[in-house]
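Input: a single structure, listed below in structure tokens.
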Amino acid sequence: MMENNEEIKHFIKLFFNFAKEKLNISSCPRVILVYDDQNAKDFFGKTGSYDPKTQTIHVYVKDRHPKDITRSFAHELFHHKQNLDGKMDNNAQYEDRRTLFSKR
């Protein structure tokens, strides 16, 4: 599991430098590492999110393996690329995955 901020940042920077060239990403998103105890305990907890309006990626890191954290960052970075390319509907309402499994 990963709790060292500097180590996490190192892996994210390495991946970003690789992806920036491969995907031709013109600007760096803001990246926020989230340490949320409640979310870490929730099987359906969040792993990451992207806000196209502020170009901010949130990556949940509490009790997660570095490969999994980087995978979540990669997913959200692709949304950033979609946003930069004008392929993301900034007005869309994205449904929280947890609601799909909630009891009715």
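Residues in the structure tokens are named by chain (A, B, ... in the order shown) and by number from 1 within that chain; ligands are numbered from 1 in the order shown.
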
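Residues with any atom within 6 Å of segment 32-45 of chain A, counting only C-alpha atoms and excluding same-chain neighbours fewer than 6 positions away, are His58, Val59, Tyr60, Val61, Lys62 and Arg98 of chain A.
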
Can you write out the residues you just picked, keeping C-alpha atoms, as a PDB file, in the first residue's frame?
ATOM      1  CA  HIS A  58      -8.532  13.859  -7.878  1.00  0.00           C
ATOM      2  CA  VAL A  59      -6.905  10.491  -7.174  1.00  0.00           C
ATOM      3  CA  TYR A  60      -7.869   8.525  -4.068  1.00  0.00           C
ATOM      4  CA  VAL A  61      -4.725   6.933  -2.653  1.00  0.00           C
ATOM      5  CA  LYS A  62      -5.537   5.663   0.845  1.00  0.00           C
ATOM      6  CA  ARG A  98     -22.379   3.541  -6.154  1.00  0.00           C
TER       7      ARG A  98
END

**Study point:** In chain A, DSSP alpha helix (DSSP H) residues written as a PyMOL selection string
**Key:** chain A and resi 5-23+37-41+66-84

Contacts of segment 21-31 of chain A at 7 Å (only C-alpha atoms; same-chain gap of 4+ positions) as a PyMOL selection string:
chain A and resi 17+55-58+81

Mind writing the picked residues with N, CA, C and O atoms as a short mmCIF file (atom, residue, chain, number, x, y, z; two decimals), in the first residue's frame?
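And here is the file that came out, out15.cif:
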data_model
loop_
_atom_site.label_atom_id
_atom_site.label_comp_id
_atom_site.auth_asym_id
_atom_site.auth_seq_id
_atom_site.Cartn_x
_atom_site.Cartn_y
_atom_site.Cartn_z
N ASN A 17 4.72 12.24 -17.85
CA ASN A 17 5.70 12.58 -18.88
C ASN A 17 5.62 11.62 -20.07
O ASN A 17 5.75 12.04 -21.22
N GLN A 55 -10.09 21.59 -14.76
CA GLN A 55 -9.02 20.72 -15.24
C GLN A 55 -8.24 20.12 -14.07
O GLN A 55 -7.01 20.15 -14.02
N THR A 56 -9.01 19.58 -13.12
CA THR A 56 -8.43 19.00 -11.91
C THR A 56 -8.72 17.51 -11.83
O THR A 56 -9.86 17.08 -12.00
N ILE A 57 -7.67 16.75 -11.55
CA ILE A 57 -7.79 15.31 -11.32
C ILE A 57 -7.66 15.06 -9.82
O ILE A 57 -6.71 15.53 -9.20
N HIS A 58 -8.62 14.33 -9.26
CA HIS A 58 -8.53 13.86 -7.88
C HIS A 58 -8.25 12.36 -7.94
O HIS A 58 -8.95 11.63 -8.65
N LYS A 81 -7.51 14.72 -21.56
CA LYS A 81 -7.21 14.79 -22.99
C LYS A 81 -8.49 14.99 -23.80
O LYS A 81 -8.54 15.81 -24.72
#

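Reported to one decimal place, the separation of atom CA of Leu77 of chain A from atom CA of Phe11 of chain A is 13.9 Å.
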
Filtered DSSP result for chain A, state strand (DSSP E or B), as a PyMOL selection string: chain A and resi 30-34+48-51+56-60

Just-selected residues, C-alpha atoms written as a PDB file, in the first residue's frame:
ATOM      1  CA  ARG A  30      -3.983  20.030 -11.465  1.00  0.00           C
ATOM      2  CA  VAL A  31      -3.620  16.784  -9.485  1.00  0.00           C
ATOM      3  CA  ILE A  32      -4.931  16.349  -5.955  1.00  0.00           C
ATOM      4  CA  LEU A  33      -4.118  13.233  -3.923  1.00  0.00           C
ATOM      5  CA  VAL A  34      -6.996  12.334  -1.634  1.00  0.00           C
ATOM      6  CA  GLY A  48     -10.553   9.088  -9.029  1.00  0.00           C
ATOM      7  CA  SER A  49     -12.428  11.888 -10.734  1.00  0.00           C
ATOM      8  CA  TYR A  50     -11.866  14.658 -13.254  1.00  0.00           C
ATOM      9  CA  ASP A  51     -13.423  18.121 -13.225  1.00  0.00           C
ATOM     10  CA  THR A  56      -8.433  19.004 -11.905  1.00  0.00           C
ATOM     11  CA  ILE A  57      -7.791  15.311 -11.324  1.00  0.00           C
ATOM     12  CA  HIS A  58      -8.532  13.859  -7.878  1.00  0.00           C
ATOM     13  CA  VAL A  59      -6.905  10.491  -7.174  1.00  0.00           C
ATOM     14  CA  TYR A  60      -7.869   8.525  -4.068  1.00  0.00           C
TER      15      TYR A  60
END

Students should find that atom CA of His80 of chain A and atom CA of Pro52 of chain A are spaced 6.9 Å

When you look at Ile12 of chain A with a cut-off of 9 Å (counting only C-alpha atoms), what residues show up, excluding the ones that are within fewer than 2 positions of it in the same chain? I need them as a ChimeraX atom specification. /A:7-10,14-17,69-70,73-74

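Taking atom CA of His79 of chain A and atom CA of Arg64 of chain A as the two end points, the separation is 21.3 Å.
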
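With only C-alpha atoms as the atoms that count, the minimum distance from Met88 of chain A to the choices A:Phe18, A:Asn4, A:Lys53, A:Lys46 is reached by A:Lys53.
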
Using only C-alpha atoms, the residue out of A:Thr47, A:Ala19, A:Lys13, A:Gln82 with shortest distance to Asp68 of chain A is A:Thr47

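Taking only C-alpha atoms into account, Asn5 of chain A lies nearest to A:Pro66 out of the set A:Ser72, A:Gly86, A:Pro66, A:Phe78.
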